Structures are given as structure tokens and as C-alpha cells.
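S.K.: Data: data.cif, mmCIF, C-alpha atoms.
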data_protein
loop_
_atom_site.group_PDB
_atom_site.id
_atom_site.type_symbol
_atom_site.label_atom_id
_atom_site.label_comp_id
_atom_site.auth_asym_id
_atom_site.auth_seq_id
_atom_site.Cartn_x
_atom_site.Cartn_y
_atom_site.Cartn_z
ATOM 1 C CA MET A 1 -41.748 -6.019 49.757
ATOM 2 C CA GLY A 2 -38.090 -5.643 48.868
ATOM 3 C CA THR A 3 -37.976 -9.069 47.211
ATOM 4 C CA VAL A 4 -40.554 -10.149 44.687
ATOM 5 C CA VAL A 5 -41.439 -13.836 44.817
ATOM 6 C CA GLY A 6 -42.075 -15.810 41.659
ATOM 7 C CA ALA A 7 -40.619 -17.932 38.864
ATOM 8 C CA ALA A 8 -37.214 -17.190 37.358
ATOM 9 C CA VAL A 9 -37.069 -14.845 34.418
ATOM 10 C CA ALA A 10 -34.532 -16.112 31.880
ATOM 11 C CA ALA A 11 -33.367 -14.694 28.579
ATOM 12 C CA SER A 12 -30.815 -15.873 26.048
ATOM 13 C CA VAL A 13 -28.490 -13.698 23.996
ATOM 14 C CA LEU A 14 -27.725 -15.066 20.544
ATOM 15 C CA SER A 15 -24.114 -15.371 19.513
ATOM 16 C CA GLY A 16 -24.195 -15.040 15.721
ATOM 17 C CA CYS A 17 -25.609 -18.151 14.065
ATOM 18 C CA ALA A 18 -24.224 -20.466 16.728
ATOM 19 C CA GLY A 19 -27.267 -20.110 18.957
ATOM 20 C CA PRO A 20 -27.418 -18.926 22.540
ATOM 21 C CA GLU A 21 -24.199 -19.244 24.530
ATOM 22 C CA TYR A 22 -25.664 -18.417 27.936
ATOM 23 C CA THR A 23 -28.983 -18.232 29.704
ATOM 24 C CA TYR A 24 -29.332 -15.066 31.786
ATOM 25 C CA ILE A 25 -31.356 -15.287 35.007
ATOM 26 C CA HIS A 26 -32.526 -12.675 37.482
ATOM 27 C CA ASP A 27 -34.920 -12.596 40.398
ATOM 28 C CA ASP A 28 -38.212 -10.729 40.117
ATOM 29 C CA SER A 29 -36.774 -7.493 41.521
ATOM 30 C CA GLY A 30 -33.898 -7.581 39.059
ATOM 31 C CA GLY A 31 -31.468 -7.067 41.912
ATOM 32 C CA THR A 32 -29.858 -10.524 41.827
ATOM 33 C CA TYR A 33 -28.645 -11.970 38.548
ATOM 34 C CA PHE A 34 -26.241 -14.467 36.972
ATOM 35 C CA LYS A 35 -25.734 -16.553 33.840
ATOM 36 C CA VAL A 36 -25.278 -20.253 33.098
ATOM 37 C CA PRO A 37 -24.228 -22.034 29.891
ATOM 38 C CA ALA A 38 -27.211 -22.453 27.573
ATOM 39 C CA SER A 39 -26.737 -26.238 27.698
ATOM 40 C CA TRP A 40 -27.603 -26.275 31.411
ATOM 41 C CA ARG A 41 -31.269 -27.167 31.828
ATOM 42 C CA GLN A 42 -33.619 -25.413 34.218
ATOM 43 C CA ILE A 43 -35.159 -27.512 36.986
ATOM 44 C CA ASP A 44 -38.951 -27.612 36.848
ATOM 45 C CA GLN A 45 -40.079 -24.593 38.877
ATOM 46 C CA LYS A 46 -43.000 -26.343 40.577
ATOM 47 C CA ALA A 47 -40.756 -29.192 41.730
ATOM 48 C CA LEU A 48 -38.162 -26.734 43.021
ATOM 49 C CA ASP A 49 -40.755 -24.574 44.799
ATOM 50 C CA LYS A 50 -42.119 -27.656 46.571
ATOM 51 C CA VAL A 51 -38.670 -28.450 47.970
ATOM 52 C CA VAL A 52 -37.824 -24.847 48.885
ATOM 53 C CA PHE A 53 -41.218 -23.724 50.157
ATOM 54 C CA GLY A 54 -42.916 -26.935 51.324
ATOM 55 C CA ASP A 55 -46.126 -28.601 50.172
ATOM 56 C CA ALA A 56 -48.566 -26.811 47.916
ATOM 57 C CA GLU A 57 -51.058 -26.028 50.703
ATOM 58 C CA SER A 58 -48.503 -24.054 52.681
ATOM 59 C CA THR A 59 -46.580 -22.501 49.791
ATOM 60 C CA THR A 60 -48.574 -19.281 49.487
ATOM 61 C CA ALA A 61 -48.412 -18.479 53.192
ATOM 62 C CA GLN A 62 -44.737 -19.327 53.408
ATOM 63 C CA LEU A 63 -43.864 -17.272 50.354
ATOM 64 C CA ALA A 64 -45.665 -14.262 51.767
ATOM 65 C CA LYS A 65 -43.858 -14.654 55.087
ATOM 66 C CA GLN A 66 -40.323 -15.365 53.840
ATOM 67 C CA ALA A 67 -40.369 -13.555 50.491
ATOM 68 C CA VAL A 68 -38.102 -16.136 48.837
ATOM 69 C CA TRP A 69 -37.194 -16.600 45.169
ATOM 70 C CA ALA A 70 -35.322 -19.640 43.863
ATOM 71 C CA ALA A 71 -34.077 -21.097 40.589
ATOM 72 C CA ALA A 72 -31.920 -24.106 39.685
ATOM 73 C CA PHE A 73 -30.065 -25.359 36.614
ATOM 74 C CA ASP A 74 -28.520 -28.757 35.909
ATOM 75 C CA ALA A 75 -25.863 -29.592 33.304
ATOM 76 C CA TYR A 76 -27.162 -33.168 33.047
ATOM 77 C CA ASP A 77 -29.263 -34.011 29.977
ATOM 78 C CA GLU A 78 -31.967 -35.196 32.371
ATOM 79 C CA PRO A 79 -32.061 -32.556 35.137
ATOM 80 C CA SER A 80 -32.867 -33.692 38.651
ATOM 81 C CA LEU A 81 -33.059 -32.020 42.061
ATOM 82 C CA VAL A 82 -31.103 -34.995 43.411
ATOM 83 C CA HIS A 83 -28.051 -33.500 41.730
ATOM 84 C CA LEU A 84 -28.136 -30.543 44.121
ATOM 85 C CA ILE A 85 -26.562 -32.763 46.766
ATOM 86 C CA GLN A 86 -25.045 -35.634 44.854
ATOM 87 C CA GLY A 87 -24.191 -36.613 41.302
ATOM 88 C CA SER A 88 -21.723 -39.146 39.934
ATOM 89 C CA ALA A 89 -18.345 -39.822 41.483
ATOM 90 C CA GLY A 90 -15.942 -38.946 38.682
ATOM 91 C CA ALA A 91 -15.211 -36.468 35.929
ATOM 92 C CA GLU A 92 -18.335 -37.606 34.081
ATOM 93 C CA ASP A 93 -20.361 -35.841 36.773
ATOM 94 C CA LYS A 94 -21.864 -32.479 35.771
ATOM 95 C CA PRO A 95 -22.451 -29.201 37.651
ATOM 96 C CA PHE A 96 -25.692 -28.220 39.365
ATOM 97 C CA ALA A 97 -26.464 -24.564 40.205
ATOM 98 C CA PHE A 98 -28.985 -23.413 42.807
ATOM 99 C CA ALA A 99 -29.821 -19.755 43.487
ATOM 100 C CA LYS A 100 -31.967 -18.306 46.244
ATOM 101 C CA VAL A 101 -33.000 -14.839 47.386
ATOM 102 C CA GLN A 102 -34.426 -14.498 50.883
ATOM 103 C CA LYS A 103 -35.783 -11.602 52.910
ATOM 104 C CA LEU A 104 -34.358 -11.529 56.443
ATOM 105 C CA SER A 105 -36.477 -11.115 59.537
ATOM 106 C CA GLU A 106 -35.672 -8.186 61.835
ATOM 107 C CA ASP A 107 -33.942 -10.543 64.283
ATOM 108 C CA ASP A 108 -31.829 -12.036 61.486
ATOM 109 C CA GLN A 109 -30.933 -8.573 60.212
ATOM 110 C CA ASN A 110 -29.598 -7.670 63.649
ATOM 111 C CA ALA A 111 -27.529 -10.857 63.857
ATOM 112 C CA VAL A 112 -26.202 -11.110 60.296
ATOM 113 C CA SER A 113 -22.439 -11.283 59.722
ATOM 114 C CA LEU A 114 -20.076 -12.806 57.174
ATOM 115 C CA ASP A 115 -19.866 -15.931 59.341
ATOM 116 C CA ALA A 116 -23.654 -16.068 59.388
ATOM 117 C CA LEU A 117 -23.603 -15.895 55.586
ATOM 118 C CA ARG A 118 -21.163 -18.813 55.514
ATOM 119 C CA MET A 119 -23.499 -20.828 57.746
ATOM 120 C CA SER A 120 -26.592 -20.043 55.672
ATOM 121 C CA GLN A 121 -28.533 -22.795 53.913
ATOM 122 C CA PRO A 122 -28.142 -24.792 51.809
ATOM 123 C CA ILE A 123 -25.016 -26.785 52.746
ATOM 124 C CA PRO A 124 -23.603 -24.483 55.436
ATOM 125 C CA VAL A 125 -19.894 -23.829 55.885
ATOM 126 C CA PRO A 126 -19.048 -24.428 59.566
ATOM 127 C CA VAL A 127 -17.038 -21.710 61.259
ATOM 128 C CA THR A 128 -16.574 -23.487 64.595
ATOM 129 C CA LYS A 129 -16.026 -27.112 65.612
ATOM 130 C CA GLU A 130 -19.409 -27.082 67.347
ATOM 131 C CA GLN A 131 -21.104 -26.046 64.107
ATOM 132 C CA GLN A 132 -19.243 -28.773 62.222
ATOM 133 C CA LYS A 133 -20.437 -31.402 64.692
ATOM 134 C CA ALA A 134 -24.015 -30.172 64.351
ATOM 135 C CA ILE A 135 -23.825 -30.417 60.549
ATOM 136 C CA GLU A 136 -22.255 -33.880 60.715
ATOM 137 C CA ALA A 137 -25.185 -34.991 62.870
ATOM 138 C CA THR A 138 -27.437 -34.390 59.854
ATOM 139 C CA GLY A 139 -25.563 -36.919 57.703
ATOM 140 C CA PHE A 140 -22.660 -34.904 56.286
ATOM 141 C CA SER A 141 -19.014 -35.790 56.939
ATOM 142 C CA GLY A 142 -15.473 -35.132 55.748
ATOM 143 C CA PHE A 143 -15.688 -31.344 55.663
ATOM 144 C CA GLU A 144 -12.664 -29.811 53.929
ATOM 145 C CA LEU A 145 -12.366 -26.074 53.259
ATOM 146 C CA LEU A 146 -10.596 -25.497 49.938
ATOM 147 C CA ALA A 147 -10.941 -21.722 49.576
ATOM 148 C CA ASP A 148 -12.639 -18.857 51.376
ATOM 149 C CA GLU A 149 -12.619 -15.165 50.516
ATOM 150 C CA MET A 150 -14.430 -11.979 51.391
ATOM 151 C CA LEU A 151 -15.661 -10.348 48.204
ATOM 152 C CA PRO A 152 -15.048 -6.663 47.483
ATOM 153 C CA ILE A 153 -17.759 -4.402 48.893
ATOM 154 C CA THR A 154 -19.633 -2.797 45.988
ATOM 155 C CA ASP A 155 -22.221 -0.083 46.625
ATOM 156 C CA GLY A 156 -22.623 -1.391 50.172
ATOM 157 C CA VAL A 157 -23.228 -5.012 49.108
ATOM 158 C CA ARG A 158 -21.078 -7.451 51.105
ATOM 159 C CA GLY A 159 -20.308 -11.036 50.188
ATOM 160 C CA VAL A 160 -18.274 -14.164 50.778
ATOM 161 C CA ARG A 161 -17.306 -17.089 48.531
ATOM 162 C CA SER A 162 -16.378 -20.495 49.941
ATOM 163 C CA VAL A 163 -15.298 -23.708 48.179
ATOM 164 C CA TYR A 164 -15.431 -26.869 50.253
ATOM 165 C CA ASN A 165 -15.866 -30.649 50.222
ATOM 166 C CA TYR A 166 -18.514 -32.732 51.948
ATOM 167 C CA ARG A 167 -19.714 -36.312 51.844
ATOM 168 C CA LEU A 168 -23.408 -37.093 52.329
ATOM 169 C CA GLY A 169 -23.969 -40.443 54.007
ATOM 170 C CA ASP A 170 -22.097 -43.209 52.188
ATOM 171 C CA GLY A 171 -22.046 -41.269 48.932
ATOM 172 C CA PRO A 172 -18.969 -39.910 47.156
ATOM 173 C CA VAL A 173 -17.254 -36.685 48.191
ATOM 174 C CA GLN A 174 -18.774 -33.597 46.566
ATOM 175 C CA THR A 175 -17.297 -30.130 46.009
ATOM 176 C CA PHE A 176 -19.520 -27.126 46.742
ATOM 177 C CA ASP A 177 -18.861 -23.570 45.580
ATOM 178 C CA LYS A 178 -21.078 -21.130 47.502
ATOM 179 C CA THR A 179 -21.319 -17.366 47.107
ATOM 180 C CA VAL A 180 -23.548 -15.369 49.459
ATOM 181 C CA TYR A 181 -24.310 -11.642 49.290
ATOM 182 C CA LEU A 182 -25.948 -9.358 51.839
ATOM 183 C CA SER A 183 -27.824 -6.450 50.271
ATOM 184 C CA ALA A 184 -26.686 -2.907 51.002
ATOM 185 C CA ASP A 185 -29.642 -2.257 53.306
ATOM 186 C CA GLY A 186 -29.026 -5.527 55.198
ATOM 187 C CA THR A 187 -32.508 -6.923 54.514
ATOM 188 C CA THR A 188 -31.867 -9.544 51.834
ATOM 189 C CA VAL A 189 -29.503 -12.490 51.356
ATOM 190 C CA SER A 190 -28.747 -13.835 47.871
ATOM 191 C CA THR A 191 -27.067 -17.238 47.494
ATOM 192 C CA LEU A 192 -25.567 -19.163 44.574
ATOM 193 C CA LEU A 193 -24.476 -22.756 45.236
ATOM 194 C CA ILE A 194 -22.785 -24.943 42.612
ATOM 195 C CA ARG A 195 -22.129 -28.650 43.221
ATOM 196 C CA CYS A 196 -19.894 -31.066 41.323
ATOM 197 C CA SER A 197 -17.675 -34.031 42.152
ATOM 198 C CA PRO A 198 -14.051 -33.060 42.900
ATOM 199 C CA ALA A 199 -12.901 -34.454 39.533
ATOM 200 C CA CYS A 200 -15.729 -32.650 37.730
ATOM 201 C CA TYR A 201 -14.976 -29.424 39.585
ATOM 202 C CA ARG A 202 -11.320 -29.525 38.530
ATOM 203 C CA LYS A 203 -12.195 -30.428 34.930
ATOM 204 C CA ARG A 204 -14.814 -27.690 34.570
ATOM 205 C CA ALA A 205 -13.237 -25.096 36.863
ATOM 206 C CA ALA A 206 -13.160 -22.322 34.257
ATOM 207 C CA GLU A 207 -16.806 -22.888 33.300
ATOM 208 C CA ILE A 208 -17.926 -22.901 36.930
ATOM 209 C CA ASP A 209 -15.850 -19.824 37.749
ATOM 210 C CA THR A 210 -17.513 -17.930 34.891
ATOM 211 C CA VAL A 211 -20.939 -18.709 36.359
ATOM 212 C CA VAL A 212 -19.882 -17.731 39.880
ATOM 213 C CA LYS A 213 -18.289 -14.451 38.793
ATOM 214 C CA SER A 214 -21.448 -13.535 36.873
ATOM 215 C CA PHE A 215 -23.468 -13.747 40.110
ATOM 216 C CA LYS A 216 -24.065 -10.184 41.280
ATOM 217 C CA VAL A 217 -26.344 -8.182 43.537
ATOM 218 C CA LYS A 218 -26.996 -4.544 42.823
ATOM 219 C CA HIS A 219 -28.348 -1.969 45.219
ATOM 220 C CA LEU A 220 -31.961 -1.152 44.426
ATOM 221 C CA ILE A 221 -33.351 2.128 45.691
ATOM 222 C CA ASN A 222 -36.948 1.786 46.834
ATOM 223 C CA PRO A 223 -39.206 4.547 45.505
#
What is this structure when it is put down as C-alpha cells?
M.R.:
Amino acid sequence: MGTVVGAAVAASVLSGCAGPEYTYIHDDSGGTYFKVPASWRQIDQKALDKVVFGDAESTTAQLAKQAVWAAAFDAYDEPSLVHLIQGSAGAEDKPFAFAKVQKLSEDDQNAVSLDALRMSQPIPVPVTKEQQKAIEATGFSGFELLADEMLPITDGVRGVRSVYNYRLGDGPVQTFDKTVYLSADGTTVSTLLIRCSPACYRKRAAEIDTVVKSFKVKHLINP
């Protein structure tokens, strides 16, 4: 398999006597990696796997079929998966980071494009009005695209970063910052999604941008 499935591997680098400044995370293949501030707490892996992969009875079969790896970190003192979609309304809200690596099926490999990366889960970025209507039918509303850029191609790895607003149900507006990479061989998609309220996103923009820019995918040559 090109993607190894399992728990996140994290390591901290000490900064003098001040303690760790960042936690460094990579998937099991070592091909996808990023860092988060050391104060951000990791979401319980079993709880995350249950949401990403389904109930425990089906997890093994689904993992083997989809070859997916996931990890999540929450800046709240009491981390919760609820914060992936929604936190507080104001500047007191804190960022949530979710990362996923997924092996594409042959059909998906043939159909993949930058627009397909934008529309990938979680929290897709609609490219057409029809897609926006379909997403709104699931409970989201108020889509607003704030920024969208194609990332420089590095060693054949292509990517796109989008920043956008959404409201879930009657909840407050949330800002999502999503970066998606397609591996050089076109078989694997790596995603980093960060959520915060608009006020929180503006207040912590530099911190969030550091995390996003640390998110990289390197080309791995299979033996």
C-alpha cells in the first residue's frame, strides 16, 4: 500500500529551557507532515477513528479498503471533535486542525482535478452553483470564498488552498482554511483543514498561517 494506516506519530522539539514550541506530526509513510503549536491538544485517536472510519466492527475492513490516516488537534483546553465544525462565536474561540490522508480508487484517480480537490471532504468548497445548492441541502449556508490559490507544483505534487466561510444550521459563521495536495503519482490525497470563528481567524492569522505553511507532501519512491 502507498499509504500506511495507523495512529499519528508526533514528536516535539525542545526550544532551550522553554519547553516544546511545536508538535510535529506525520502520517505513517512519512510523506505527509505538518506542525502545530505545542499547546494544541491531540484529539483522542479512537474517538477520531470512529468518526472517520465508522463503528468499531467495520473499522478494520474500511481501513484496508480506503487506506486512510487521520489526526486532529484542538487549541481548546478541553479538546472536542465538535470543534471541527463549530466553536464559539467570537475571538475567544480557538482553532481546530484536522488532517487526513486517503488513497484514491482507480476511478477517482482518473477523475481527479484541482476542482475535485476543492470539493473533497470535509467541508467541500463548491465550484458551481449546483454544488453549492447540494452542500446547502446538508445544513450549511452562507458560503463566502475569502481566498483561493493554486500552490506551486513541487516534485510533481499539486495542491490548492482555500479560505472560506460557512454557517452550520443556526450556529455562528465559521471560517475554514483548507489545503489539499495530490501526490505526484496521483494516487493519494492529503488534506489539512483548520476551523475558527471569523474573529478568531483574524486574531490568530499568523499562528494559523504557520501551521498551514508547514503542511507538506513529499514524493516517496516505492522500492
S.K.: Rounded to one decimal place, report the atom CA of Phe140 of chain A-atom CA of Asp108 of chain A distance in Å.
M.R.: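 These two atoms are separated by 25.2 Å.
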S.K.: Could you tell me which residues the PyMOL selection byres ((chain A and resi 174-187) around 8) returns for this structure, as a tab-separated table (two decimals) with C-alpha atoms, in the frame of the given file?
M.R.:
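The new file part18.tsv reads:
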chain	number	residue	atom	x	y	z
A	85	ILE	CA	-26.56	-32.76	46.77
A	86	GLN	CA	-25.04	-35.63	44.85
A	103	LYS	CA	-35.78	-11.60	52.91
A	104	LEU	CA	-34.36	-11.53	56.44
A	105	SER	CA	-36.48	-11.12	59.54
A	109	GLN	CA	-30.93	-8.57	60.21
A	117	LEU	CA	-23.60	-15.90	55.59
A	118	ARG	CA	-21.16	-18.81	55.51
A	155	ASP	CA	-22.22	-0.08	46.62
A	156	GLY	CA	-22.62	-1.39	50.17
A	157	VAL	CA	-23.23	-5.01	49.11
A	158	ARG	CA	-21.08	-7.45	51.10
A	159	GLY	CA	-20.31	-11.04	50.19
A	160	VAL	CA	-18.27	-14.16	50.78
A	161	ARG	CA	-17.31	-17.09	48.53
A	162	SER	CA	-16.38	-20.50	49.94
A	163	VAL	CA	-15.30	-23.71	48.18
A	164	TYR	CA	-15.43	-26.87	50.25
A	165	ASN	CA	-15.87	-30.65	50.22
A	166	TYR	CA	-18.51	-32.73	51.95
A	167	ARG	CA	-19.71	-36.31	51.84
A	172	PRO	CA	-18.97	-39.91	47.16
A	173	VAL	CA	-17.25	-36.68	48.19
A	188	THR	CA	-31.87	-9.54	51.83
A	189	VAL	CA	-29.50	-12.49	51.36
A	190	SER	CA	-28.75	-13.84	47.87
A	191	THR	CA	-27.07	-17.24	47.49
A	192	LEU	CA	-25.57	-19.16	44.57
A	193	LEU	CA	-24.48	-22.76	45.24
A	194	ILE	CA	-22.78	-24.94	42.61
A	195	ARG	CA	-22.13	-28.65	43.22
A	196	CYS	CA	-19.89	-31.07	41.32
A	197	SER	CA	-17.68	-34.03	42.15
A	198	PRO	CA	-14.05	-33.06	42.90
A	201	TYR	CA	-14.98	-29.42	39.58
A	212	VAL	CA	-19.88	-17.73	39.88
A	217	VAL	CA	-26.34	-8.18	43.54
A	218	LYS	CA	-27.00	-4.54	42.82
A	219	HIS	CA	-28.35	-1.97	45.22
S.K.: Given the file shown, enumerate the residues that the PyMOL selection byres ((chain A and resi 45) around 9) captures and present them as an NGL selection string.
M.R.: :A and (7-8 or 42-44 or 46-50 or 70-72)
S.K.: Kindly provide, as a PyMOL selection string, the polymer residues lying within 10 Å of (-13.7, -13.7, 41.7), counting all atoms listed in the file and using the coordinates exactly as they appear in the file.
M.R.: chain A and resi 149-152+161+209-210+212-215
S.K.: Go ahead and compute the interatomic distance for atom CA of Gly142 of chain A and atom CA of Met119 of chain A, in Å to one decimal.
M.R.: 16.5 Å
S.K.: When you draw a straight line from atom CA of Gln121 of chain A to atom CA of Ser39 of chain A, how long is it in Å?
M.R.: 26.5 Å
S.K.: Which of these residues is nearest to Ile208 of chain A, using all atoms listed in the file: A:Pro20, A:Pro95, A:Gly90, A:Gly31?
M.R.: A:Pro95
S.K.: Since I can't run it myself right now, could you work out what the PyMOL selection byres ((chain A and resi 77) around 9) selects here and report it as an mmCIF file with C-alpha atoms, in the frame of the given file?
M.R.:
data_model
loop_
_atom_site.group_PDB
_atom_site.id
_atom_site.type_symbol
_atom_site.label_atom_id
_atom_site.label_comp_id
_atom_site.auth_asym_id
_atom_site.auth_seq_id
_atom_site.Cartn_x
_atom_site.Cartn_y
_atom_site.Cartn_z
ATOM 1 C CA SER A 39 -26.737 -26.238 27.698
ATOM 2 C CA TRP A 40 -27.603 -26.275 31.411
ATOM 3 C CA ARG A 41 -31.269 -27.167 31.828
ATOM 4 C CA ASP A 74 -28.520 -28.757 35.909
ATOM 5 C CA ALA A 75 -25.863 -29.592 33.304
ATOM 6 C CA TYR A 76 -27.162 -33.168 33.047
ATOM 7 C CA GLU A 78 -31.967 -35.196 32.371
ATOM 8 C CA PRO A 79 -32.061 -32.556 35.137
#
S.K.: May I ask which of the residues A:Val82, A:Ala111, A:Ala137, A:Ala206 is the closest one to Val51 of chain A, counting all atoms listed in the file?
M.R.: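 Comparing A:Val82, A:Ala111, A:Ala137, A:Ala206 against Val51 of chain A, the winner is A:Val82.
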S.K.: Taking all atoms listed in the file into account, name the residue in A:Val112, A:Val101, A:Leu81, A:Leu146 that is nearest to Gly30 of chain A.
M.R.: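 The closest residue to Gly30 of chain A is A:Val101.
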S.K.: Do you know which residues lie at most 6 Å from (-31.0, -18.1, 38.5), with coordinates as in the file and all atoms listed in the file counted, and could you write them as number ranges by chain?
M.R.: A: 25-26, 71, 99
S.K.: Please write out, as lines of an AutoDock Vina configuration file, where the centre of an axis-aligned box around all listed atoms of segment 93-111 of chain A lies and how long its edges are, in Å to one decimal, after adding 6 Å on each side.
M.R.:
center_x = -28.4
center_y = -21.8
center_z = 50.0
size_x = 28.1
size_y = 40.2
size_z = 40.5
S.K.: Smallest atom-to-atom distance to Asp27 of chain A: which of A:Ala116, A:Val68, A:Thr128, A:Thr154, using only C-alpha atoms?
M.R.: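 The closest residue to Asp27 of chain A is A:Val68.
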S.K.: Give the answer as one residue: which of A:Glu207, A:Leu114, A:Gln131, A:Lys216 has the shortest atom-to-atom distance to Phe34 of chain A, using all atoms listed in the file?
M.R.: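 For Phe34 of chain A, the nearest of the given residues is A:Lys216.
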S.K.: Which is closest to Lys100 of chain A among A:Val36, A:Ile153, A:Val52, A:Leu145, if we use all atoms listed in the file?
M.R.: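 Selected residue with least distance to Lys100 of chain A: A:Val52.
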S.K.: Taking 2 positions as the minimum chain separation for residues in the same chain, which residues sit within 7 Å of Lys35 of chain A when counting only C-alpha atoms? Answer as a count of residues only.
M.R.: 7
S.K.: What would segment 96-107 of chain A look like with N, CA, C and O atoms in place, written as a tab-separated table (two decimals), in the frame of the given file?
M.R.:
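The resulting file, part_19.tsv, is shown below:
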chain	number	residue	atom	x	y	z
A	96	PHE	N	-24.32	-28.60	39.03
A	96	PHE	CA	-25.69	-28.22	39.36
A	96	PHE	C	-25.62	-26.86	40.05
A	96	PHE	O	-24.79	-26.65	40.94
A	97	ALA	N	-26.46	-25.92	39.63
A	97	ALA	CA	-26.46	-24.56	40.20
A	97	ALA	C	-27.81	-24.26	40.84
A	97	ALA	O	-28.86	-24.47	40.21
A	98	PHE	N	-27.77	-23.77	42.08
A	98	PHE	CA	-28.98	-23.41	42.81
A	98	PHE	C	-28.84	-21.98	43.30
A	98	PHE	O	-27.83	-21.63	43.91
A	99	ALA	N	-29.84	-21.15	43.04
A	99	ALA	CA	-29.82	-19.76	43.49
A	99	ALA	C	-31.05	-19.47	44.32
A	99	ALA	O	-32.15	-19.98	44.05
A	100	LYS	N	-30.87	-18.63	45.33
A	100	LYS	CA	-31.97	-18.31	46.24
A	100	LYS	C	-31.83	-16.86	46.71
A	100	LYS	O	-30.72	-16.38	46.95
A	101	VAL	N	-32.95	-16.18	46.81
A	101	VAL	CA	-33.00	-14.84	47.39
A	101	VAL	C	-34.00	-14.86	48.53
A	101	VAL	O	-35.14	-15.32	48.35
A	102	GLN	N	-33.58	-14.42	49.70
A	102	GLN	CA	-34.43	-14.50	50.88
A	102	GLN	C	-34.41	-13.20	51.67
A	102	GLN	O	-33.38	-12.58	51.89
A	103	LYS	N	-35.61	-12.79	52.07
A	103	LYS	CA	-35.78	-11.60	52.91
A	103	LYS	C	-35.52	-11.99	54.36
A	103	LYS	O	-36.05	-12.99	54.86
A	104	LEU	N	-34.69	-11.23	55.06
A	104	LEU	CA	-34.36	-11.53	56.44
A	104	LEU	C	-35.39	-10.94	57.39
A	104	LEU	O	-35.92	-9.84	57.16
A	105	SER	N	-35.64	-11.67	58.48
A	105	SER	CA	-36.48	-11.12	59.54
A	105	SER	C	-35.69	-10.03	60.26
A	105	SER	O	-34.47	-9.90	60.10
A	106	GLU	N	-36.36	-9.24	61.09
A	106	GLU	CA	-35.67	-8.19	61.84
A	106	GLU	C	-34.61	-8.77	62.76
A	106	GLU	O	-33.51	-8.21	62.90
A	107	ASP	N	-34.92	-9.90	63.40
A	107	ASP	CA	-33.94	-10.54	64.28
A	107	ASP	C	-32.71	-10.99	63.49
A	107	ASP	O	-31.57	-10.83	63.95
